[in-house]
Amino acid sequence: MTAVDRSSLEPVVVTGIGAVSPLGSSFDEIADNLLGGRTGVRAIDPGRFAREHVQFAAPVSGIPAPSETICGLSSEAFGRLGRLERLCLSPLAAALDDAGLATDRSPRIGLVLGMGAEHLKDWELDFLDGGSEVFGDRRDRTLVHRLAGRVGIKGPAVTVAAACASSGYAMAMGRTWIDSGWVDACVVGGCDILSPVAIAAFYNLRALSRRADDPAKASRPFDGDRDGFVMGEGGAFFVLERQRDARARGRRIRGELAGVGMSSDGGHMVIPSSDPVQSSRAITAAITNAGVRPDEIDYINAHAAGTPVGDVAEAGAIRTALGDATDAIPVSSTKSMSGHLISGAAAFEALACLAAIDRQAVPPTINLDRPDPQCRLDHVPHEFRPRRIRVAASNSFGFGGSNLCLVLKAA
Amino acid sequence: MKPSPDHPGVVPAGCAILAHAGVAVSFTEIAALRDAPVPEGAPALPARFLRHCDEHTVVAMRAVLDAIASIEVPLSLERCGVVAAPCQAGRIATARSLAQLPVGGAVTVSPHIVPQCSLHSVAGAVSVALGMHGPHIGVGGGPDALAEGLFAAMTLFQCGAASGCDSAWVIATSWDEEPTLAADGTPEGNPVCRAVAMLATATEMAPHARLTLALHMTGEAGGAEAMPTPLASFARALEMCGHGMALAGWSVACPWGAEIRLAVRPADDRQQGLDRMASLSLRRREAA
């Protein structure tokens with residue numbers, strides 16, 4: 001086993017983007033909404049298993065049907081697929097189309113799907129629909145293989161899960177496949193779906209905000225009055241490839257996936273460690289891997305979901321990793337607008353970093369009326385901040401003490 | 001995919017197995033294992049750590065602890081990662097929760113469902129129980145979990161310093177036969193849950209290791225029709241190789257045109273590797 005030495009490698013860049021989210025389903029629409037400080041959080045009808053009289057979340061309101069030429073499905077046939085599969089297939093196909101690979105299968109293409117609880121969602125939604133799959137002895141192939149088959153991907157296809165960091169790990173894994181020469185291009189990302197049992201489970205865990213009187217104000221990362229996160233659904237997919245291949249194909253380069261860093265707290269199955277050492281190690285590893293100094297980071301998209309413990313822990317991790325440079329780096333949490341997309345969060349927030357690079361502006365943390373003094377950072381409350389952004393970092397932390405940091409650079 | 005062994009630019013991947021263990025436990029025996037999971041010679045776990053864990057996690061933890069107990073020289077696991085590939089883990093707890101839902105409503109949904117029954121849960125529990133700080137990831141989740149897990153482990157080892165680990169537990173779990181569940185979520189019959197745990201590290205870091213795994217890109221995609229390798233078969237092959245029996249060409253096929261070959265290192269190769277390591281170490285000391 002010989003680890004790949006990145007310093008001698010061709011940069012791995014993003015040439016395709018697809019998304020389905022509470023803030024829209026195209027890069028420009030999402031970027032507009034992020035910089036406009038608009039929220040996707042609203043009251044929802046969770047059906048007969050509501051945990052409260054007023055339930056709120058950040059749902060996806062429409063899933064665009066992909067072109068029939070990409071996945072061989074008419075819009076009617078697409079509409080008959082399960083919602084989770086539609087939530088994944090639509091942005092995956094859009095990313096391939098954006099990269100100019102909708103029908104071109106000459107490169108060896110892989111697929112890494114970040115998804116934390118595919119079976120839980122499948123079993124639950126089938127049960128609520130009157131089915132009994134969870135009680136049976138079937139072992140069907142997982143969604144990643146069905147998705148690969150639908151879009152004609154014949155390279156490696158793997159599902160990876162690291163709780164709320166799942167789709168970020170998918171991005172890290174896809175880049176390594178390219179670095180190792182196992183594929184020429186890789187579709188990476190992840191999505192998640194709202195479901196009554198998932199909402200109830202997080203509610204019963206006391207992880208969700210209970211601000212039912214004003215859902216739009218409920219997601220308030222780093223604010224002194226935060227009381228938990230707001231669940232959302234959707235996510236994003238990217239096509240990654242070597243920079244020279246992208247240039248040879250004449251494709252627009254949207255950014256470079258320049259660095260990844262990983263670690264685990266090794267402390268608790270649910271609660272993030274208050275000791276910032278391990279989470280800061282992931283940030284340090286990512287910026288080292290990207291070959292940048294802390295003072296070269298222009299923006300940090302924080303994981304900050306709005307939980308009392310997690311936001312403080314992350315602020316400590318950022319400061320531990322970046323030291324004195326911290327005070328000059330604007331930090332925001334786009335979960336204040338999108339809600340927490342769980343498995344899809346890391347990929348969606350990587351998209352937010354690419355939007356910040358594209359628009360040369362830092363998206364705000366909305367609802368940040370009274371910053372928690374324990375989260376001492378250069379916050380960007382309420383409105384976007386114009387700024388020259390060449391390098392952006394995105395943190396993702398998950399249950400089980402999973403830590404991941406991605407560094408994205410301008411092309 | 002192009003045949004990769006001859007493809008320029010393809011980095012070979014593999015690892016050495018420092019320790020391994022396999023466990024197969026029937027459903028009725030899992031309760032006892034949940035209460036007392038630690039074999040002699042293995043580190044203690046936090047009190048009642050497995051109380052809310054899924055059956056796959058309980059059995060995986062025992063396999064990891066058995067592997068640790070088999071290691072003669074104590075080693076630090078602090079910078080160890082975990083790649084765990086369960087097949088349909090969490091089904092019994094989910095079925096129980098869903099069975100209660102129409103009667104008791106959302107208030108009856110267990111808060112442990114997400115942290116303990118998701119794809120990452122086996123890896124997370126092993127990482128937390130042993131206080132390890134390398135990354136931990138769940139992989140697969142379905143019938144191809146073993147192939148996906150081994151491939152993901154190869155990927156992690158390719159990441160170098162970004163992975164933050166110098167070794168990793170590679171774990172696979174599965175019911176030998178996926179059980180049918182009664183209306184309350186209880187399995188019918190007495191199904192057997194199986195786990196294999198391997199402590200793996202860089203091939204060059206462990207020239208003394210008897211077993212290796214190596215990735216070969218074959219270029220022959222089997223597609224959806226390719227039959228996944230049963231975990232029980234892999235466990236048997238690992239056990240036989242562990243006893244020094246070389247199994248010619250034994251491998252786990254990946255449906256996308258790759259295979260991961262399990263091999264026993266010849267004694268001469270191991271000795272040469274150790275000699276190289278000693279020589280390198282001596283040169284470093286002299287240089288210092």
# chains A, B, ... in the order shown; residues from 1 in each chain; ligands from 1
>>> interface_residues(of="chain A", to="chain B", cutoff="7 Å", atoms="only C-alpha atoms", output="PyMOL selection string")
chain A and resi 1-4+49-51+108+116-117+119-120+134-137+139-142+154-156+158-163+173+176-177+180-182+197+200-202+204-205+260-270+278+285-286+289+399-400+402
>>> write_last_selection(atoms="C-alpha atoms", output="compact mmCIF listing (two decimals), in the first residue's frame")
# COMPACT_ATOMS: atom_id res chain seq x y z
CA MET A 1 0.00 0.00 0.00
CA THR A 2 1.51 3.25 -1.10
CA ALA A 3 -0.34 6.38 -0.15
CA VAL A 4 -0.76 8.83 -2.98
CA PHE A 49 -47.28 10.75 12.84
CA ALA A 50 -46.57 14.38 13.72
CA ARG A 51 -44.55 14.82 16.89
CA ARG A 108 -13.90 5.58 -16.73
CA GLY A 116 -26.30 7.48 6.07
CA ALA A 117 -29.57 5.63 6.40
CA HIS A 119 -32.39 1.22 4.48
CA LEU A 120 -34.03 2.97 7.42
CA VAL A 134 -38.75 -4.50 6.85
CA PHE A 135 -40.17 -7.84 8.01
CA GLY A 136 -39.08 -9.79 4.94
CA ASP A 137 -35.82 -11.53 4.08
CA ARG A 139 -31.60 -8.33 0.10
CA ASP A 140 -31.89 -5.95 -2.80
CA ARG A 141 -28.88 -4.17 -4.25
CA THR A 142 -28.45 -0.72 -2.77
CA LYS A 154 -19.74 1.12 -15.07
CA GLY A 155 -16.88 2.03 -12.76
CA PRO A 156 -16.72 1.58 -8.97
CA VAL A 158 -19.87 2.63 -3.35
CA THR A 159 -22.13 3.98 -0.61
CA VAL A 160 -20.29 5.68 2.23
CA ALA A 161 -21.73 6.90 5.53
CA ALA A 162 -20.31 9.13 8.21
CA ALA A 163 -23.59 10.51 9.57
CA MET A 173 -13.20 9.17 -1.61
CA THR A 176 -8.73 9.56 -4.10
CA TRP A 177 -10.04 7.25 -6.83
CA SER A 180 -5.04 6.67 -7.77
CA GLY A 181 -5.92 6.36 -11.44
CA TRP A 182 -8.81 3.98 -10.72
CA VAL A 197 -39.71 8.58 11.87
CA ALA A 200 -39.49 11.94 15.53
CA ALA A 201 -36.16 10.23 16.31
CA PHE A 202 -34.20 13.49 16.22
CA ASN A 204 -37.00 12.57 20.83
CA LEU A 205 -33.22 12.88 20.96
CA VAL A 260 -9.51 16.95 2.66
CA GLY A 261 -8.91 16.16 6.32
CA MET A 262 -10.52 13.55 8.52
CA SER A 263 -10.58 12.49 12.16
CA SER A 264 -12.79 11.05 14.88
CA ASP A 265 -13.48 12.27 18.39
CA GLY A 266 -13.57 8.72 19.75
CA GLY A 267 -15.73 10.03 22.55
CA HIS A 268 -19.52 9.63 22.28
CA MET A 269 -22.07 8.16 19.87
CA VAL A 270 -24.11 11.39 19.75
CA GLN A 278 -9.63 15.99 17.23
CA ALA A 285 -5.08 18.11 7.83
CA ALA A 286 -7.33 19.60 5.14
CA ASN A 289 -3.46 18.70 2.18
CA PHE A 399 -22.77 11.41 15.08
CA GLY A 400 -20.14 9.09 16.44
CA SER A 402 -17.01 11.97 12.79
>>> residues_around(residues="region 229-231 of chain B", least_positions_apart="2", cutoff="9 Å", atoms="only C-alpha atoms", output="PyMOL selection string")
chain B and resi 143-144+146-147+172-176+194-196+227+233-236+251-254
>>> residues_around(residues="Ile153 (chain A)", least_positions_apart="5", cutoff="7 Å", atoms="only C-alpha atoms", output="PyMOL selection string")
chain A and resi 109-110+148
>>> write_last_selection(atoms="N, CA and C atoms", output="compact mmCIF listing (two decimals), in the first residue's frame")
# COMPACT_ATOMS: atom_id res chain seq x y z
N ILE A 109 -15.79 6.21 -15.33
CA ILE A 109 -16.49 7.04 -14.36
C ILE A 109 -16.90 6.19 -13.15
N GLY A 110 -16.70 6.74 -11.96
CA GLY A 110 -17.13 6.09 -10.72
C GLY A 110 -18.24 6.88 -10.06
N ALA A 148 -26.18 3.97 -10.56
CA ALA A 148 -25.11 3.77 -11.55
C ALA A 148 -25.67 3.12 -12.81
>>> residues_around(residues="Asn301 (chain A)", least_positions_apart="5", cutoff="8 Å", atoms="only C-alpha atoms", output="PyMOL selection string")
chain A and resi 331-334+349+352-353+392-395
>>> atom_distance(atom1="CA of Ala346 (chain A)", atom2="CA of Arg42 (chain A)")
21.7 Å
